[in-house]
>>> print(open('target20.txt').read())   # compact mmCIF, C-alpha atoms and all ligand atoms
# COMPACT_ATOMS: atom_id res chain seq x y z
CA MET N 1 18.02 59.63 105.71
CA THR N 2 19.82 60.25 109.02
CA THR N 3 23.55 60.75 109.39
CA ARG N 4 25.16 58.64 112.13
CA ALA N 5 28.67 58.78 113.62
CA VAL N 6 29.87 55.18 113.39
CA VAL N 7 32.99 53.70 115.04
CA ARG N 8 35.43 52.50 112.34
CA GLY N 9 38.45 51.83 114.53
CA VAL N 10 39.55 51.65 118.14
CA GLY N 11 42.95 51.31 119.80
CA HIS N 12 44.83 51.91 123.01
CA TYR N 13 48.28 52.43 124.39
CA LEU N 14 49.59 51.76 127.90
CA PRO N 15 53.05 52.81 129.10
CA GLU N 16 55.41 49.87 129.62
CA ARG N 17 55.91 50.35 133.34
CA ILE N 18 53.39 48.36 135.41
CA VAL N 19 53.13 49.33 139.07
CA PRO N 20 51.51 46.71 141.34
CA ASN N 21 49.72 47.69 144.58
CA GLU N 22 52.67 46.30 146.59
CA TRP N 23 54.88 49.10 145.21
CA PHE N 24 53.08 51.56 147.53
CA GLU N 25 53.43 49.43 150.67
CA ASP N 26 56.87 50.67 151.73
CA LYS N 27 56.14 54.28 150.72
CA ILE N 28 52.86 55.00 152.51
CA ASP N 29 50.71 53.31 155.15
CA THR N 30 48.64 51.09 152.83
CA SER N 31 48.26 47.49 151.70
CA ASP N 32 47.43 45.52 148.57
CA GLU N 33 44.43 44.17 150.51
CA TRP N 34 43.03 47.66 151.26
CA ILE N 35 43.46 48.90 147.69
CA ARG N 36 41.88 45.75 146.17
CA SER N 37 38.95 45.60 148.56
CA ARG N 38 38.10 49.35 148.50
CA SER N 39 38.68 50.02 144.78
CA GLY N 40 39.18 46.75 142.85
CA ILE N 41 42.54 48.04 141.58
CA GLU N 42 45.45 45.57 141.42
CA ARG N 43 47.96 47.41 139.24
CA ARG N 44 48.30 50.49 137.01
CA HIS N 45 50.71 51.77 134.35
CA PHE N 46 52.89 54.85 134.87
CA ALA N 47 54.41 56.81 131.99
CA ALA N 48 58.20 56.99 131.68
CA GLU N 49 59.83 60.22 132.81
CA ASN N 50 60.02 61.66 129.30
CA GLN N 51 56.63 60.35 128.12
CA THR N 52 53.87 62.93 127.69
CA THR N 53 50.11 62.70 127.31
CA SER N 54 50.32 63.65 123.61
CA GLU N 55 52.74 60.77 123.00
CA LEU N 56 50.39 58.26 124.66
CA ALA N 57 47.48 59.77 122.70
CA ALA N 58 49.28 59.58 119.34
CA ASN N 59 50.23 55.93 119.97
CA ALA N 60 46.60 55.03 120.68
CA ALA N 61 45.44 57.07 117.67
CA GLN N 62 47.79 55.19 115.33
CA LYS N 63 46.22 51.89 116.39
CA ALA N 64 42.67 53.19 115.87
CA LEU N 65 43.65 54.56 112.44
CA ALA N 66 45.22 51.22 111.49
CA MET N 67 42.01 49.36 112.41
CA ALA N 68 39.99 51.87 110.38
CA GLY N 69 42.43 51.52 107.45
CA LEU N 70 42.82 55.30 107.28
CA GLU N 71 45.73 57.70 106.88
CA PRO N 72 46.00 60.67 109.30
CA ASP N 73 45.19 63.15 106.51
CA GLU N 74 41.84 61.44 105.94
CA ILE N 75 40.75 62.68 109.41
CA ASP N 76 38.94 66.03 109.63
CA ALA N 77 39.09 66.66 113.39
CA VAL N 78 41.17 65.46 116.33
CA ILE N 79 39.55 65.83 119.74
CA VAL N 80 41.57 64.93 122.83
CA ALA N 81 39.86 64.57 126.20
CA THR N 82 42.46 65.22 128.89
CA SER N 83 43.17 67.06 132.13
CA THR N 84 46.90 66.46 131.83
CA ALA N 85 47.90 68.11 128.54
CA ASP N 86 51.68 68.40 128.07
CA LEU N 87 51.55 72.21 128.43
CA THR N 88 48.98 74.84 129.45
CA PHE N 89 48.73 75.50 125.74
CA PRO N 90 48.72 74.60 122.86
CA SER N 91 46.20 71.79 123.12
CA ALA N 92 47.33 68.18 123.37
CA ALA N 93 45.19 67.65 120.26
CA THR N 94 47.36 69.91 118.09
CA MET N 95 50.44 68.08 119.42
CA VAL N 96 48.83 64.78 118.40
CA GLN N 97 48.06 66.26 114.99
CA GLU N 98 51.74 67.12 114.60
CA ARG N 99 52.91 63.71 115.92
CA LEU N 100 50.66 61.92 113.41
CA GLY N 101 52.04 64.05 110.57
CA MET N 102 48.61 65.53 109.80
CA THR N 103 48.71 68.53 107.48
CA ARG N 104 45.00 69.37 107.44
CA GLY N 105 41.88 69.41 109.60
CA PHE N 106 41.50 70.93 113.05
CA ALA N 107 42.24 69.84 116.60
CA PHE N 108 41.17 70.81 120.10
CA ASP N 109 41.01 69.50 123.66
CA VAL N 110 37.97 68.83 125.78
CA GLN N 111 38.32 69.27 129.55
CA ALA N 112 35.67 67.45 131.53
CA VAL N 113 38.11 65.41 133.66
CA CYS N 114 37.00 61.77 134.03
CA ALA N 115 33.87 62.46 131.96
CA GLY N 116 36.03 63.98 129.20
CA PHE N 117 35.78 61.14 126.71
CA VAL N 118 31.98 61.06 126.92
CA PHE N 119 31.90 64.85 126.36
CA ALA N 120 34.39 64.52 123.45
CA LEU N 121 32.31 61.77 121.81
CA ALA N 122 29.25 64.02 122.05
CA GLN N 123 31.17 66.91 120.41
CA ALA N 124 32.46 64.71 117.59
CA ASN N 125 28.96 63.33 117.07
CA ALA N 126 27.55 66.88 116.83
CA LEU N 127 30.18 67.86 114.24
CA ILE N 128 29.45 64.75 112.17
CA ILE N 129 25.66 64.77 112.23
CA SER N 130 25.58 68.51 111.45
CA GLY N 131 27.61 67.79 108.30
CA GLN N 132 30.66 69.87 109.33
CA ILE N 133 33.05 66.92 109.20
CA ASN N 134 33.12 63.34 107.93
CA ARG N 135 35.67 61.76 110.22
CA ALA N 136 36.91 62.43 113.74
CA LEU N 137 39.63 60.93 115.86
CA VAL N 138 38.40 61.02 119.46
CA ILE N 139 41.04 60.30 122.07
CA GLY N 140 41.14 60.07 125.85
CA ALA N 141 44.70 60.34 127.20
CA GLU N 142 46.15 61.06 130.62
CA THR N 143 49.33 61.09 132.66
CA PHE N 144 47.72 61.40 136.11
CA SER N 145 50.98 60.14 137.68
CA ARG N 146 52.19 63.75 137.14
CA ILE N 147 49.47 65.30 139.32
CA ILE N 148 49.26 62.68 142.08
CA ASP N 149 50.44 63.59 145.57
CA PHE N 150 52.46 60.46 146.38
CA THR N 151 52.20 61.26 150.11
CA ASP N 152 48.37 61.20 150.10
CA ARG N 153 47.40 57.55 150.56
CA ALA N 154 43.72 58.29 149.98
CA THR N 155 44.33 59.25 146.33
CA CYS N 156 47.78 58.16 145.09
CA VAL N 157 46.91 54.46 144.93
CA LEU N 158 43.91 55.03 142.66
CA PHE N 159 45.21 56.54 139.43
CA GLY N 160 47.16 55.43 136.35
CA ASP N 161 48.32 56.57 132.91
CA GLY N 162 47.18 55.50 129.45
CA ALA N 163 45.31 56.41 126.28
CA GLY N 164 42.53 55.10 124.08
CA ALA N 165 41.16 56.32 120.75
CA VAL N 166 38.28 55.78 118.36
CA VAL N 167 37.78 56.82 114.74
CA LEU N 168 34.24 58.01 114.03
CA GLU N 169 32.92 58.31 110.47
CA ALA N 170 29.69 59.68 109.01
CA ALA N 171 27.38 56.96 107.67
CA ASP N 172 23.83 56.90 106.40
CA GLY N 173 21.33 55.52 108.85
CA THR N 174 17.59 54.93 108.88
CA GLY N 175 16.97 57.16 111.88
CA THR N 176 15.94 54.23 114.08
CA ASN N 177 17.80 52.83 117.07
CA ALA N 178 18.70 49.81 114.95
CA ASP N 179 21.32 52.02 113.22
CA ARG N 180 25.00 51.60 113.94
CA GLY N 181 26.69 54.65 115.48
CA ILE N 182 25.95 57.12 118.26
CA LEU N 183 22.24 57.00 119.09
CA ALA N 184 21.99 59.38 122.07
CA THR N 185 24.06 61.47 124.45
CA ASP N 186 23.36 62.93 127.90
CA LEU N 187 25.75 65.51 129.39
CA ASN N 188 25.59 67.21 132.81
CA SER N 189 27.69 69.32 135.12
CA ASP N 190 27.31 71.05 138.49
CA GLY N 191 30.00 73.62 139.30
CA ARG N 192 28.78 73.90 142.89
CA GLN N 193 30.55 70.59 143.53
CA ARG N 194 33.97 71.76 142.33
CA GLY N 195 35.51 71.47 145.81
CA ILE N 196 35.22 67.69 146.16
CA LEU N 197 37.56 66.80 143.28
CA TYR N 198 40.08 69.25 141.88
CA VAL N 199 43.76 70.02 141.28
CA ASP N 200 45.19 72.69 143.58
CA GLY N 201 47.36 74.25 140.87
CA GLY N 202 47.05 76.09 137.58
CA VAL N 203 47.69 79.54 136.13
CA SER N 204 46.23 81.21 139.23
CA THR N 205 48.86 79.56 141.45
CA GLY N 206 51.84 79.29 139.13
CA THR N 207 52.17 75.57 139.89
CA THR N 208 50.93 72.38 138.26
CA GLY N 209 49.37 71.29 141.53
CA HIS N 210 48.12 67.96 142.86
CA LEU N 211 44.84 66.09 142.75
CA ARG N 212 42.64 66.55 145.83
CA MET N 213 39.56 64.44 146.41
CA GLU N 214 36.92 63.88 149.04
CA GLY N 215 36.57 60.24 148.03
CA LYS N 216 33.45 59.43 150.04
CA GLU N 217 31.54 62.43 148.64
CA VAL N 218 32.56 61.68 145.05
CA PHE N 219 31.56 58.06 145.62
CA ARG N 220 28.12 59.15 146.82
CA HIS N 221 27.54 61.36 143.75
CA ALA N 222 28.85 58.66 141.40
CA VAL N 223 26.50 56.00 142.68
CA GLU N 224 23.54 58.38 142.37
CA LYS N 225 24.32 60.07 139.05
CA LEU N 226 25.83 57.37 136.80
CA ALA N 227 22.77 55.15 136.56
CA GLN N 228 20.62 58.28 136.14
CA THR N 229 22.60 59.60 133.15
CA ALA N 230 22.83 56.16 131.51
CA ASP N 231 19.07 55.67 131.89
CA ALA N 232 18.47 59.18 130.50
CA ALA N 233 20.59 58.49 127.40
CA LEU N 234 18.88 55.14 126.86
CA GLU N 235 15.46 56.80 127.10
CA LYS N 236 16.49 59.44 124.52
CA ALA N 237 17.43 56.57 122.19
CA GLY N 238 14.10 54.82 122.85
CA LEU N 239 15.90 51.87 124.43
CA LYS N 240 15.82 50.08 127.78
CA ALA N 241 18.38 48.37 129.99
CA ASP N 242 17.32 44.98 128.59
CA ASP N 243 18.51 46.09 125.14
CA VAL N 244 22.07 46.78 126.37
CA ASP N 245 24.81 44.34 125.36
CA TRP N 246 27.68 46.11 127.15
CA ILE N 247 28.08 48.83 129.71
CA VAL N 248 31.52 50.36 129.32
CA PRO N 249 31.78 52.48 132.46
CA HIS N 250 34.43 54.92 133.65
CA GLN N 251 36.85 52.71 135.56
CA ALA N 252 37.30 54.46 138.91
CA ASN N 253 36.16 51.92 141.46
CA LEU N 254 34.81 48.38 141.10
CA ARG N 255 32.24 49.07 143.85
CA ILE N 256 30.86 52.04 141.85
CA ILE N 257 30.82 49.95 138.65
CA LYS N 258 28.89 47.15 140.40
CA SER N 259 26.38 49.40 142.08
CA THR N 260 25.66 51.31 138.84
CA ALA N 261 25.07 48.06 136.93
CA GLN N 262 22.84 46.82 139.74
CA LYS N 263 20.80 50.05 139.75
CA MET N 264 20.33 49.71 135.99
CA GLY N 265 19.30 46.07 136.40
CA ILE N 266 22.19 44.83 134.26
CA ASP N 267 24.23 41.73 135.16
CA LEU N 268 27.95 42.17 135.74
CA ASP N 269 28.71 39.78 132.87
CA ARG N 270 27.51 42.55 130.54
CA VAL N 271 29.99 45.10 131.94
CA VAL N 272 33.50 45.62 130.53
CA ILE N 273 35.82 45.84 133.55
CA THR N 274 39.48 46.90 133.31
CA VAL N 275 39.93 48.84 136.56
CA GLN N 276 41.98 45.97 138.07
CA ASP N 277 44.68 46.43 135.41
CA HIS N 278 44.58 50.17 134.67
CA GLY N 279 43.43 51.90 137.86
CA ASN N 280 41.57 55.15 137.24
CA THR N 281 42.97 56.70 134.04
CA SER N 282 40.40 59.54 134.05
CA ALA N 283 39.43 60.52 130.47
CA ALA N 284 41.38 57.57 129.05
CA SER N 285 39.46 54.92 130.96
CA ILE N 286 36.45 54.48 128.66
CA PRO N 287 38.34 54.35 125.32
CA LEU N 288 40.86 52.02 126.96
CA ALA N 289 38.01 49.76 128.10
CA LEU N 290 36.34 49.93 124.66
CA SER N 291 39.58 48.86 123.00
CA VAL N 292 40.27 46.09 125.52
CA GLY N 293 36.63 44.98 125.25
CA VAL N 294 36.99 44.58 121.49
CA GLU N 295 40.36 42.84 121.86
CA ARG N 296 38.85 40.36 124.37
CA GLY N 297 36.06 39.58 121.89
CA GLN N 298 33.41 41.03 124.21
CA ILE N 299 32.20 43.97 122.06
CA LYS N 300 31.14 42.98 118.52
CA GLN N 301 29.68 44.84 115.56
CA GLY N 302 25.99 45.57 116.14
CA ASP N 303 26.23 45.41 119.96
CA LEU N 304 24.47 48.12 121.94
CA VAL N 305 27.07 49.84 124.12
CA VAL N 306 26.43 52.33 126.93
CA THR N 307 29.30 54.42 128.28
CA GLU N 308 28.94 56.45 131.49
CA ALA N 309 31.38 58.58 133.47
CA ILE N 310 31.66 61.15 136.27
CA GLY N 311 34.54 63.33 137.38
CA GLY N 312 35.74 66.71 138.60
CA GLY N 313 33.38 69.63 138.12
CA LEU N 314 31.35 67.68 138.82
CA ALA N 315 30.80 66.68 135.20
CA TRP N 316 29.02 63.49 134.18
CA GLY N 317 27.33 61.94 131.18
CA SER N 318 26.57 58.98 129.01
CA VAL N 319 26.70 58.00 125.33
CA VAL N 320 24.61 55.20 123.83
CA LEU N 321 25.99 53.74 120.62
CA ARG N 322 25.59 50.71 118.44
CA TRP N 323 29.07 49.30 117.70
O1 LIG J 1 37.39 59.38 138.63
C1 LIG J 1 36.69 60.36 139.34
C2 LIG J 1 35.76 59.75 140.22
N1 LIG J 1 36.43 59.27 141.40
C3 LIG J 1 35.89 58.30 142.07
O2 LIG J 1 34.89 57.78 141.64
C4 LIG J 1 36.47 57.90 143.38
C5 LIG J 1 35.34 57.79 144.36
N2 LIG J 1 35.71 57.36 145.68
C6 LIG J 1 36.20 56.11 145.94
O3 LIG J 1 36.42 55.34 145.05
C7 LIG J 1 36.37 55.72 147.39
O4 LIG J 1 35.77 56.67 148.21
C8 LIG J 1 37.83 55.48 147.80
C9 LIG J 1 38.38 54.24 147.13
C10 LIG J 1 38.65 56.71 147.43
C11 LIG J 1 37.91 55.27 149.31
O5 LIG J 1 37.05 54.24 149.72
P1 LIG J 1 36.11 54.44 151.01
O6 LIG J 1 35.43 53.18 151.26
O7 LIG J 1 35.25 55.65 150.73
O8 LIG J 1 37.15 54.67 152.14
P2 LIG J 1 37.32 55.96 153.09
O9 LIG J 1 37.79 57.13 152.30
O10 LIG J 1 36.10 56.09 153.90
O11 LIG J 1 38.48 55.46 154.01
C12 LIG J 1 38.29 54.38 154.92
C13 LIG J 1 39.53 54.29 155.78
C14 LIG J 1 39.93 55.61 156.42
O12 LIG J 1 40.41 55.34 157.71
P3 LIG J 1 39.49 55.67 158.98
O13 LIG J 1 39.23 57.14 158.91
O14 LIG J 1 38.26 54.85 158.80
O15 LIG J 1 40.36 55.25 160.11
C15 LIG J 1 41.08 56.06 155.55
O16 LIG J 1 41.99 56.88 156.25
O17 LIG J 1 40.64 53.86 154.97
C16 LIG J 1 41.73 54.76 155.16
N3 LIG J 1 42.49 54.85 153.93
C17 LIG J 1 43.43 53.96 153.60
N4 LIG J 1 43.91 52.88 154.24
C18 LIG J 1 44.88 52.17 153.65
C19 LIG J 1 42.39 55.76 152.93
N5 LIG J 1 43.26 55.46 151.95
C20 LIG J 1 43.93 54.35 152.35
C21 LIG J 1 44.95 53.57 151.78
N6 LIG J 1 45.39 52.50 152.44
N7 LIG J 1 45.48 53.86 150.55
>>> encode(input="target20.txt", output="structure tokens", more="lines below")
Ligand code: UT7
Amino acid sequence: MTTRAVVRGVGHYLPERIVPNEWFEDKIDTSDEWIRSRSGIERRHFAAENQTTSELAANAAQKALAMAGLEPDEIDAVIVATSTADLTFPSAATMVQERLGMTRGFAFDVQAVCAGFVFALAQANALIISGQINRALVIGAETFSRIIDFTDRATCVLFGDGAGAVVLEAADGTGTNADRGILATDLNSDGRQRGILYVDGGVSTGTTGHLRMEGKEVFRHAVEKLAQTADAALEKAGLKADDVDWIVPHQANLRIIKSTAQKMGIDLDRVVITVQDHGNTSAASIPLALSVGVERGQIKQGDLVVTEAIGGGLAWGSVVLRW
């Protein structure tokens, strides 16, 4: 018998305020046409002034718990993937634990920037299959609007705020790739590339700082590495691109999403795409897309889903799971 980490619930939360591309036009030298054609983004959500990442995360978590039919105290671990935690410490995850009214279990953050949710899923999977926990709440949540330099047109038009969450539960499997649950993970990082995507603040500067990105360089790495990591995870699971029902990619740029699908030999009608509505929400983008994909009726029980993401670090990876 093999233990598998199976998705029991999924949910998302987006702040009420929707900011269309046109909003930027009288603030910086840009246009709706440029943003759409270079990134595929049409609008994004920005958190209200008093809204924090842990609030967004807790709202998404409540929806995932409701779908799973579980109470917060039935969860053993809360893992939040974020680069925009409310404070330097404690973790956003412990704040979510408190917001949900949880009185047991443990909680911690994972920091792998845009790849954070993939890394968090892999950690939750490891805790479940090793028998340390039965259930995990895995959340990706961000308020990137707080670290955007609104005078830098090359970056400020790309990002948005939001949160998505899944509930994972231990289940008995047969050990074959026909099982539901997480079937394989592939994680990578390369600290030599830290200078092409980073925030220029933190405890060493005494400021929160702003996001800085060499977009062209990140684009080049993304196109090369995303298909590689997805193929590697599929191979570990003994599966091929033909077996995939849905790619649920990190939503940074429609051109990257298309080129990765093309490299993998997968048609675009098997890719969940939300970048037009959410912009790049970093660690929140994949759980948001999973939740929207289920809501749209795209992802169904038994479907083979491949997630893939890359972000600051660089850090990148992929998780293959049967929904
Ligand atoms: O989530 C983490 C991973 N992040 C990513 O995956 C992002 C990866 N990078 C990208 O998505 C793309 O590189 C961008 C969307 C950021 C930029 O697209 P690009 O095709 O690489 O454009 P570019 O940076 O080469 O800029 C082309 C031109 C430049 O003008 P010149 O030098 O050719 O005269 C820019 O100054 O577009 C200009 N530009 C803009 N024009 C209007 C840059 N930003 C803007 C803007 N509006 N907002």
>>> closest_residue(input="target20.txt", among="N:Ala120, N:Ile79, N:Ile18, N:Val248", to="His45 of chain N", atoms="only C-alpha atoms")
N:Ile18
>>> residues_around(input="target20.txt", residues="segment 300-315 of chain N", least_positions_apart="3", cutoff="7 Å", atoms="all atoms listed in the file", output="JSON, numbers by chain")
{"N": [112, 113, 114, 115, 180, 188, 189, 190, 191, 193, 194, 197, 198, 222, 226, 230, 244, 245, 246, 247, 248, 249, 250, 294, 297, 318, 319, 320, 321, 322, 323]}
>>> residues_near_point(input="target20.txt", point="(53.8, 49.8, 133.6)", cutoff="10 Å", atoms="all atoms listed in the file", output="count of residues only")
18
>>> closest_atom_pairs(input="target20.txt", of="chain N", to="ligand LIG 1 (chain J)", cutoff="9 Å", atoms="all atoms listed in the file", output="JSON lines")
{"residue": "N:Phe24", "atom": "CA", "partner": "J:LIG1", "partner_atom": "N7", "distance": 8.5}
{"residue": "N:Glu25", "atom": "CA", "partner": "J:LIG1", "partner_atom": "N6", "distance": 8.8}
{"residue": "N:Ile28", "atom": "CA", "partner": "J:LIG1", "partner_atom": "N7", "distance": 7.7}
{"residue": "N:Asp29", "atom": "CA", "partner": "J:LIG1", "partner_atom": "N6", "distance": 6.0}
{"residue": "N:Thr30", "atom": "CA", "partner": "J:LIG1", "partner_atom": "N6", "distance": 3.6}
{"residue": "N:Ser31", "atom": "CA", "partner": "J:LIG1", "partner_atom": "N6", "distance": 5.8}
{"residue": "N:Asp32", "atom": "CA", "partner": "J:LIG1", "partner_atom": "N6", "distance": 8.2}
{"residue": "N:Glu33", "atom": "CA", "partner": "J:LIG1", "partner_atom": "N6", "distance": 8.6}
{"residue": "N:Trp34", "atom": "CA", "partner": "J:LIG1", "partner_atom": "C18", "distance": 5.4}
{"residue": "N:Ile35", "atom": "CA", "partner": "J:LIG1", "partner_atom": "N7", "distance": 6.1}
{"residue": "N:Ser37", "atom": "CA", "partner": "J:LIG1", "partner_atom": "C9", "distance": 8.8}
{"residue": "N:Arg38", "atom": "CA", "partner": "J:LIG1", "partner_atom": "C9", "distance": 5.1}
{"residue": "N:Ser39", "atom": "CA", "partner": "J:LIG1", "partner_atom": "C9", "distance": 4.8}
{"residue": "N:Gly40", "atom": "CA", "partner": "J:LIG1", "partner_atom": "C9", "distance": 8.7}
{"residue": "N:Val113", "atom": "CA", "partner": "J:LIG1", "partner_atom": "C1", "distance": 7.7}
{"residue": "N:Cys114", "atom": "CA", "partner": "J:LIG1", "partner_atom": "O1", "distance": 5.2}
{"residue": "N:Ala115", "atom": "CA", "partner": "J:LIG1", "partner_atom": "O1", "distance": 8.1}
{"residue": "N:Asp152", "atom": "CA", "partner": "J:LIG1", "partner_atom": "N7", "distance": 7.9}
{"residue": "N:Arg153", "atom": "CA", "partner": "J:LIG1", "partner_atom": "N7", "distance": 4.2}
{"residue": "N:Ala154", "atom": "CA", "partner": "J:LIG1", "partner_atom": "N5", "distance": 3.5}
{"residue": "N:Thr155", "atom": "CA", "partner": "J:LIG1", "partner_atom": "C10", "distance": 6.3}
{"residue": "N:Cys156", "atom": "CA", "partner": "J:LIG1", "partner_atom": "N7", "distance": 7.3}
{"residue": "N:Val157", "atom": "CA", "partner": "J:LIG1", "partner_atom": "N7", "distance": 5.8}
{"residue": "N:Leu158", "atom": "CA", "partner": "J:LIG1", "partner_atom": "C9", "distance": 7.2}
{"residue": "N:Phe159", "atom": "CA", "partner": "J:LIG1", "partner_atom": "O1", "distance": 8.4}
{"residue": "N:Leu197", "atom": "CA", "partner": "J:LIG1", "partner_atom": "C1", "distance": 7.6}
{"residue": "N:Met213", "atom": "CA", "partner": "J:LIG1", "partner_atom": "C4", "distance": 7.8}
{"residue": "N:Glu214", "atom": "CA", "partner": "J:LIG1", "partner_atom": "O4", "distance": 7.3}
{"residue": "N:Gly215", "atom": "CA", "partner": "J:LIG1", "partner_atom": "O4", "distance": 3.7}
{"residue": "N:Lys216", "atom": "CA", "partner": "J:LIG1", "partner_atom": "O4", "distance": 4.0}
{"residue": "N:Glu217", "atom": "CA", "partner": "J:LIG1", "partner_atom": "O4", "distance": 7.2}
{"residue": "N:Val218", "atom": "CA", "partner": "J:LIG1", "partner_atom": "C5", "distance": 4.8}
{"residue": "N:Phe219", "atom": "CA", "partner": "J:LIG1", "partner_atom": "C5", "distance": 4.0}
{"residue": "N:Arg220", "atom": "CA", "partner": "J:LIG1", "partner_atom": "C5", "distance": 7.7}
{"residue": "N:His221", "atom": "CA", "partner": "J:LIG1", "partner_atom": "O2", "distance": 8.4}
{"residue": "N:Ala222", "atom": "CA", "partner": "J:LIG1", "partner_atom": "O2", "distance": 6.1}
{"residue": "N:Val223", "atom": "CA", "partner": "J:LIG1", "partner_atom": "O2", "distance": 8.6}
{"residue": "N:His250", "atom": "CA", "partner": "J:LIG1", "partner_atom": "O1", "distance": 7.3}
{"residue": "N:Gln251", "atom": "CA", "partner": "J:LIG1", "partner_atom": "O1", "distance": 7.4}
{"residue": "N:Ala252", "atom": "CA", "partner": "J:LIG1", "partner_atom": "O2", "distance": 4.9}
{"residue": "N:Asn253", "atom": "CA", "partner": "J:LIG1", "partner_atom": "O3", "distance": 5.0}
{"residue": "N:Leu254", "atom": "CA", "partner": "J:LIG1", "partner_atom": "O3", "distance": 8.2}
{"residue": "N:Arg255", "atom": "CA", "partner": "J:LIG1", "partner_atom": "O3", "distance": 7.6}
{"residue": "N:Ile256", "atom": "CA", "partner": "J:LIG1", "partner_atom": "O2", "distance": 7.0}
{"residue": "N:Asn280", "atom": "CA", "partner": "J:LIG1", "partner_atom": "O1", "distance": 6.1}
{"residue": "N:Thr281", "atom": "CA", "partner": "J:LIG1", "partner_atom": "O1", "distance": 7.7}
{"residue": "N:Ser282", "atom": "CA", "partner": "J:LIG1", "partner_atom": "O1", "distance": 5.5}
{"residue": "N:Ala283", "atom": "CA", "partner": "J:LIG1", "partner_atom": "O1", "distance": 8.5}
{"residue": "N:Ala309", "atom": "CA", "partner": "J:LIG1", "partner_atom": "O1", "distance": 8.0}
{"residue": "N:Ile310", "atom": "CA", "partner": "J:LIG1", "partner_atom": "C2", "distance": 5.9}
{"residue": "N:Gly311", "atom": "CA", "partner": "J:LIG1", "partner_atom": "C1", "distance": 4.2}
{"residue": "N:Gly312", "atom": "CA", "partner": "J:LIG1", "partner_atom": "C1", "distance": 6.5}
>>> closest_residue(input="target20.txt", among="N:Leu288, N:Val7, N:Ile299, N:Leu121", to="Ala170 of chain N", atoms="only C-alpha atoms")
N:Val7
>>> atom_distance(input="target20.txt", atom1="atom CA of Ser259 of chain N", atom2="atom CA of Asn177 of chain N")
26.7 Å
>>> closest_residue(input="target20.txt", among="N:Gln228, N:Asn59, N:Gln276, N:Gln262", to="Ala165 of chain N", atoms="all atoms listed in the file")
N:Asn59
>>> closest_residue(input="target20.txt", among="N:Leu56, N:Ala107, N:Ala85, N:Ile286", to="Arg146 of chain N", atoms="only C-alpha atoms")
N:Ala85
>>> closest_residue(input="target20.txt", among="N:Ile148, N:Val10, N:Ala5, N:Ile182", to="Thr84 of chain N", atoms="all atoms listed in the file")
N:Ile148
>>> atom_distance(input="target20.txt", atom1="atom CA of Ile75 of chain N", atom2="atom CA of Leu183 of chain N")
21.6 Å
>>> residues_around(input="target20.txt", residues="Ala126 of chain N", least_positions_apart="3", cutoff="12 Å", atoms="only C-alpha atoms", output="PyMOL selection string")
chain N and resi 3-5+119-123+129-136+168-170+182-185
>>> closest_residue(input="target20.txt", among="N:Thr151, N:Ser291, N:Thr103, N:Thr208", to="Thr88 of chain N", atoms="all atoms listed in the file")
N:Thr208
>>> atom_distance(input="target20.txt", atom1="atom CA of Glu71 of chain N", atom2="atom CA of Ala93 of chain N")
16.7 Å
>>> residues_around(input="target20.txt", residues="Ile139 of chain N", least_positions_apart="5", cutoff="9 Å", atoms="all atoms listed in the file", output="PyMOL selection string")
chain N and resi 57-58+60-61+78-82+93+117+120-121+163-167+283-284+287
>>> residues_around(input="target20.txt", residues="Ala289 of chain N", least_positions_apart="4", cutoff="8 Å", atoms="all atoms listed in the file", output="ChimeraX atom specification")
/N:248,272-274,285,293
>>> decode(input="target20.txt", residues="segment 63-72 of chain N", atoms="N, CA and C atoms", output="PDB file, in the first residue's frame")
ATOM      1  N   LYS N  63     -12.529  28.736   1.954  1.00  0.00           N
ATOM      2  CA  LYS N  63     -13.261  28.155   0.816  1.00  0.00           C
ATOM      3  C   LYS N  63     -12.788  26.723   0.539  1.00  0.00           C
ATOM      4  N   ALA N  64     -11.478  26.502   0.629  1.00  0.00           N
ATOM      5  CA  ALA N  64     -10.950  25.145   0.410  1.00  0.00           C
ATOM      6  C   ALA N  64     -11.442  24.194   1.499  1.00  0.00           C
ATOM      7  N   LEU N  65     -11.481  24.683   2.746  1.00  0.00           N
ATOM      8  CA  LEU N  65     -11.973  23.858   3.863  1.00  0.00           C
ATOM      9  C   LEU N  65     -13.444  23.526   3.661  1.00  0.00           C
ATOM     10  N   ALA N  66     -14.221  24.510   3.204  1.00  0.00           N
ATOM     11  CA  ALA N  66     -15.657  24.281   2.984  1.00  0.00           C
ATOM     12  C   ALA N  66     -15.859  23.196   1.924  1.00  0.00           C
ATOM     13  N   MET N  67     -15.077  23.256   0.833  1.00  0.00           N
ATOM     14  CA  MET N  67     -15.221  22.225  -0.208  1.00  0.00           C
ATOM     15  C   MET N  67     -14.844  20.844   0.342  1.00  0.00           C
ATOM     16  N   ALA N  68     -13.823  20.827   1.212  1.00  0.00           N
ATOM     17  CA  ALA N  68     -13.385  19.553   1.791  1.00  0.00           C
ATOM     18  C   ALA N  68     -14.331  19.079   2.895  1.00  0.00           C
ATOM     19  N   GLY N  69     -15.208  19.966   3.363  1.00  0.00           N
ATOM     20  CA  GLY N  69     -16.122  19.612   4.460  1.00  0.00           C
ATOM     21  C   GLY N  69     -15.379  19.411   5.767  1.00  0.00           C
ATOM     22  N   LEU N  70     -14.330  20.210   5.982  1.00  0.00           N
ATOM     23  CA  LEU N  70     -13.499  20.054   7.182  1.00  0.00           C
ATOM     24  C   LEU N  70     -13.503  21.317   8.032  1.00  0.00           C
ATOM     25  N   GLU N  71     -13.314  21.128   9.331  1.00  0.00           N
ATOM     26  CA  GLU N  71     -13.148  22.233  10.269  1.00  0.00           C
ATOM     27  C   GLU N  71     -11.643  22.528  10.378  1.00  0.00           C
ATOM     28  N   PRO N  72     -11.299  23.793  10.695  1.00  0.00           N
ATOM     29  CA  PRO N  72      -9.863  24.135  10.804  1.00  0.00           C
ATOM     30  C   PRO N  72      -9.079  23.197  11.732  1.00  0.00           C
TER      31      PRO N  72
END
